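Next up, target.cif (mmCIF, C-alpha atoms):
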data_final
#
loop_
_atom_site.label_atom_id
_atom_site.label_comp_id
_atom_site.auth_asym_id
_atom_site.auth_seq_id
_atom_site.Cartn_x
_atom_site.Cartn_y
_atom_site.Cartn_z
CA MET J 150 -4.55 -20.06 -10.21
CA LEU J 151 -5.05 -17.23 -7.72
CA ASN J 152 -8.05 -17.39 -5.42
CA VAL J 153 -8.38 -13.67 -4.81
CA MET J 154 -11.84 -12.83 -6.14
CA PRO J 155 -13.57 -9.87 -4.49
CA GLU J 156 -17.30 -9.58 -4.05
CA GLY J 157 -17.82 -9.20 -7.82
CA THR J 158 -17.80 -12.17 -10.16
CA SER J 159 -15.11 -13.09 -12.63
CA GLU J 160 -17.47 -11.99 -15.40
CA ASP J 161 -17.83 -8.55 -13.76
CA LEU J 162 -14.06 -8.17 -13.65
CA ASP J 163 -13.78 -9.31 -17.27
CA LEU J 164 -16.21 -6.56 -18.31
CA LEU J 165 -14.42 -4.01 -16.17
CA PHE J 166 -10.88 -4.74 -17.35
CA GLY J 167 -12.12 -5.15 -20.93
CA ALA J 168 -13.70 -1.70 -20.76
CA LEU J 169 -10.52 -0.20 -19.35
CA ALA J 170 -8.36 -1.89 -21.99
CA ASP J 171 -9.17 0.88 -24.47
CA ALA J 172 -7.30 4.19 -24.25
CA THR J 173 -10.34 6.26 -25.26
CA ARG J 174 -12.48 4.68 -22.54
CA ARG J 175 -9.72 5.22 -19.96
CA GLY J 176 -9.61 8.87 -21.05
CA ILE J 177 -13.36 9.15 -20.58
CA VAL J 178 -13.11 7.61 -17.10
CA GLU J 179 -10.31 10.05 -16.20
CA ARG J 180 -12.43 12.97 -17.41
CA LEU J 181 -15.46 11.76 -15.43
CA ALA J 182 -13.32 11.55 -12.29
CA VAL J 183 -13.36 15.36 -12.40
CA GLY J 184 -17.18 15.46 -12.60
CA GLU J 185 -20.14 14.52 -14.75
CA ALA J 186 -20.18 15.59 -18.39
CA THR J 187 -22.30 15.55 -21.52
CA VAL J 188 -21.50 13.31 -24.47
CA THR J 189 -20.37 16.39 -26.41
CA GLU J 190 -18.00 17.41 -23.59
CA LEU J 191 -16.60 13.89 -23.41
CA ALA J 192 -16.06 13.78 -27.18
CA ALA J 193 -14.16 17.10 -27.32
CA PRO J 194 -10.60 15.80 -26.70
CA PHE J 195 -10.97 12.85 -29.09
CA SER J 196 -10.95 12.89 -32.88
CA ILE J 197 -13.88 10.48 -33.18
CA SER J 198 -17.56 10.94 -33.86
CA LEU J 199 -20.32 11.38 -31.29
CA PRO J 200 -21.78 7.95 -32.20
CA ALA J 201 -18.36 6.40 -31.51
CA ILE J 202 -18.21 8.11 -28.12
CA SER J 203 -21.72 6.82 -27.42
CA ARG J 204 -20.56 3.27 -28.18
CA HIS J 205 -17.65 3.70 -25.77
CA LEU J 206 -20.08 4.98 -23.14
CA LYS J 207 -22.26 1.90 -23.61
CA VAL J 208 -19.26 -0.34 -22.94
CA LEU J 209 -18.41 1.65 -19.80
CA GLU J 210 -22.04 1.53 -18.67
CA ARG J 211 -22.25 -2.24 -19.25
CA ALA J 212 -19.13 -2.61 -17.07
CA SER J 213 -20.89 -0.49 -14.39
CA LEU J 214 -18.13 2.12 -14.55
CA ILE J 215 -20.54 4.93 -15.40
CA THR J 216 -24.21 5.82 -15.16
CA ARG J 217 -26.03 7.97 -17.68
CA SER J 218 -29.03 10.22 -17.35
CA GLN J 219 -30.97 12.48 -19.65
CA GLN J 220 -31.88 16.06 -18.79
CA GLY J 221 -33.93 17.51 -21.62
CA ARG J 222 -31.88 17.16 -24.79
CA TRP J 223 -28.65 16.49 -22.92
CA ARG J 224 -27.32 13.07 -22.01
CA ARG J 225 -24.96 13.25 -19.06
CA ALA J 226 -22.52 10.63 -17.84
CA ARG J 227 -21.22 10.22 -14.32
CA LEU J 228 -18.53 7.96 -12.87
CA SER J 229 -19.75 5.08 -10.73
CA PRO J 230 -16.76 4.34 -8.48
CA THR J 231 -18.10 1.05 -7.08
CA SER J 232 -16.71 -0.96 -10.01
CA LEU J 233 -13.34 0.74 -9.71
CA ALA J 234 -13.34 -0.20 -6.02
CA SER J 235 -13.90 -3.85 -7.02
CA ALA J 236 -10.94 -3.69 -9.38
CA ALA J 237 -8.78 -2.03 -6.71
CA THR J 238 -9.75 -4.75 -4.22
CA TRP J 239 -8.88 -7.48 -6.71
CA LEU J 240 -5.55 -5.84 -7.57
CA ALA J 241 -4.65 -5.33 -3.89
CA ARG J 242 -5.39 -8.96 -3.07
CA SER J 243 -3.40 -10.15 -6.07
CA GLU J 244 -0.52 -7.90 -5.08
CA ARG J 245 -0.45 -9.38 -1.55
CA VAL J 246 -0.44 -12.93 -2.92
CA TRP J 247 2.40 -12.21 -5.34
CA ALA J 248 4.39 -10.25 -2.74
CA GLU J 249 4.19 -13.26 -0.41
CA ARG J 250 5.24 -15.62 -3.19
CA PHE J 251 8.18 -13.43 -4.23
CA GLY J 252 9.18 -13.10 -0.58
CA ARG J 253 9.28 -16.88 -0.21
CA LEU J 254 11.26 -17.16 -3.45
CA ASP J 255 13.78 -14.57 -2.17
CA GLN J 256 14.18 -16.55 1.06
CA HIS J 257 14.65 -19.79 -0.85
CA LEU J 258 17.25 -18.25 -3.17
CA ALA J 259 19.09 -16.74 -0.19
CA ARG J 260 19.22 -20.20 1.45
CA LEU J 261 20.52 -21.77 -1.75
CA THR J 262 23.18 -19.11 -2.12
CA SER J 263 24.34 -19.43 1.49
CA GLU J 264 24.47 -23.25 1.24
CA GLN J 265 26.78 -23.29 -1.82
CA PRO J 266 30.43 -24.00 -1.08
CA ALA J 267 32.70 -21.02 -1.70
CA SER J 268 34.44 -22.82 -4.58
CA GLN J 269 31.15 -22.99 -6.52
CA THR J 270 30.35 -19.31 -6.13
CA LYS J 271 33.67 -18.15 -7.62
CA THR J 272 33.94 -18.16 -11.38
CA LYS J 273 37.17 -18.79 -13.18
CA THR J 274 38.12 -16.37 -15.91
CA LYS J 275 39.89 -17.56 -19.01
CA ARG J 276 42.40 -15.39 -20.77
#
The structure given in the file should be rewritten as structure tokens.
Amino acid sequence: MLNVMPEGTSEDLDLLFGALADATRRGIVERLAVGEATVTELAAPFSISLPAISRHLKVLERASLITRSQQGRWRRARLSPTSLASAATWLARSERVWAERFGRLDQHLARLTSEQPASQTKTKTKR
């Protein structure tokens, strides 16, 4: 098991990656990267109902990916990049660990290949 947990807990990362596992929610996050938007604006590119968009927003809010506010009749959503930073930190640490492991594997395989007698590296072809 990798020991590369960032400041957030495993449960936080589970919520975050679970929220991002859905294409609609990823689309909402991408849209909010441009700037805050109303629920109606967020729903426009999707062929789902406003209540369905609201459910997606609740999942994103629970994962701390967005914050929501109300201004009069309008509910607005805004990206909260702190959670994305936690995911990026976790991914970067995991990438370093795996890069080191693959590097050691490459070195090991190179040693094995260079240690083999020449007669074992040639293959005989049958006709």
Q.
I'd like the interatomic distance between atom CA of J:Asp163 and atom CA of J:Ala241, to a tenth of an Å.
A. 16.7 Å
Q: Kindly resolve the PyMOL selection byres ((chain J and resi 164-168) around 10) on the present coordinates and return the residues as a ChimeraX atom specification.
A: /J:159-163,169-175,205-214,232-233,235-236
Q. What is the distance between atom CA of J:Gly184 and atom CA of J:Ser229, in Å to one decimal?
A.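 Distance reported for this atom pair: 10.9 Å.
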**Q.** Distance in Å - atom CA of J:Arg245 versus atom CA of J:Thr158
**A.**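 So the two atoms, atom CA of J:Arg245 and atom CA of J:Thr158, lie 19.6 Å apart.
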Q) On this structure, which residues satisfy the PyMOL selection byres ((chain J and resi 226) around 8), written as a list in words? A)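 Taken on the displayed file, the PyMOL selection byres ((chain J and resi 226) around 8) yields the residues Leu181, Glu185, Ala186, Thr187, Val188, Ile215, Thr216, Arg217, Ser218, Arg224, Arg225, Arg227 and Leu228 of chain J.
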Kindly compute an axis-aligned box around the listed atoms of stretch 178-195 of chain J, allowing 6 Å on each side, and express its centre and edge lengths in Å to one decimal as JSON.
{"center_x": -16.3, "center_y": 12.5, "center_z": -20.7, "size_x": 24.0, "size_y": 21.8, "size_z": 28.8}
Q: Between J:Arg250, J:Arg242, J:Arg222, J:Arg260, single out the one closest to J:Thr189, counting only C-alpha atoms.
A: J:Arg222
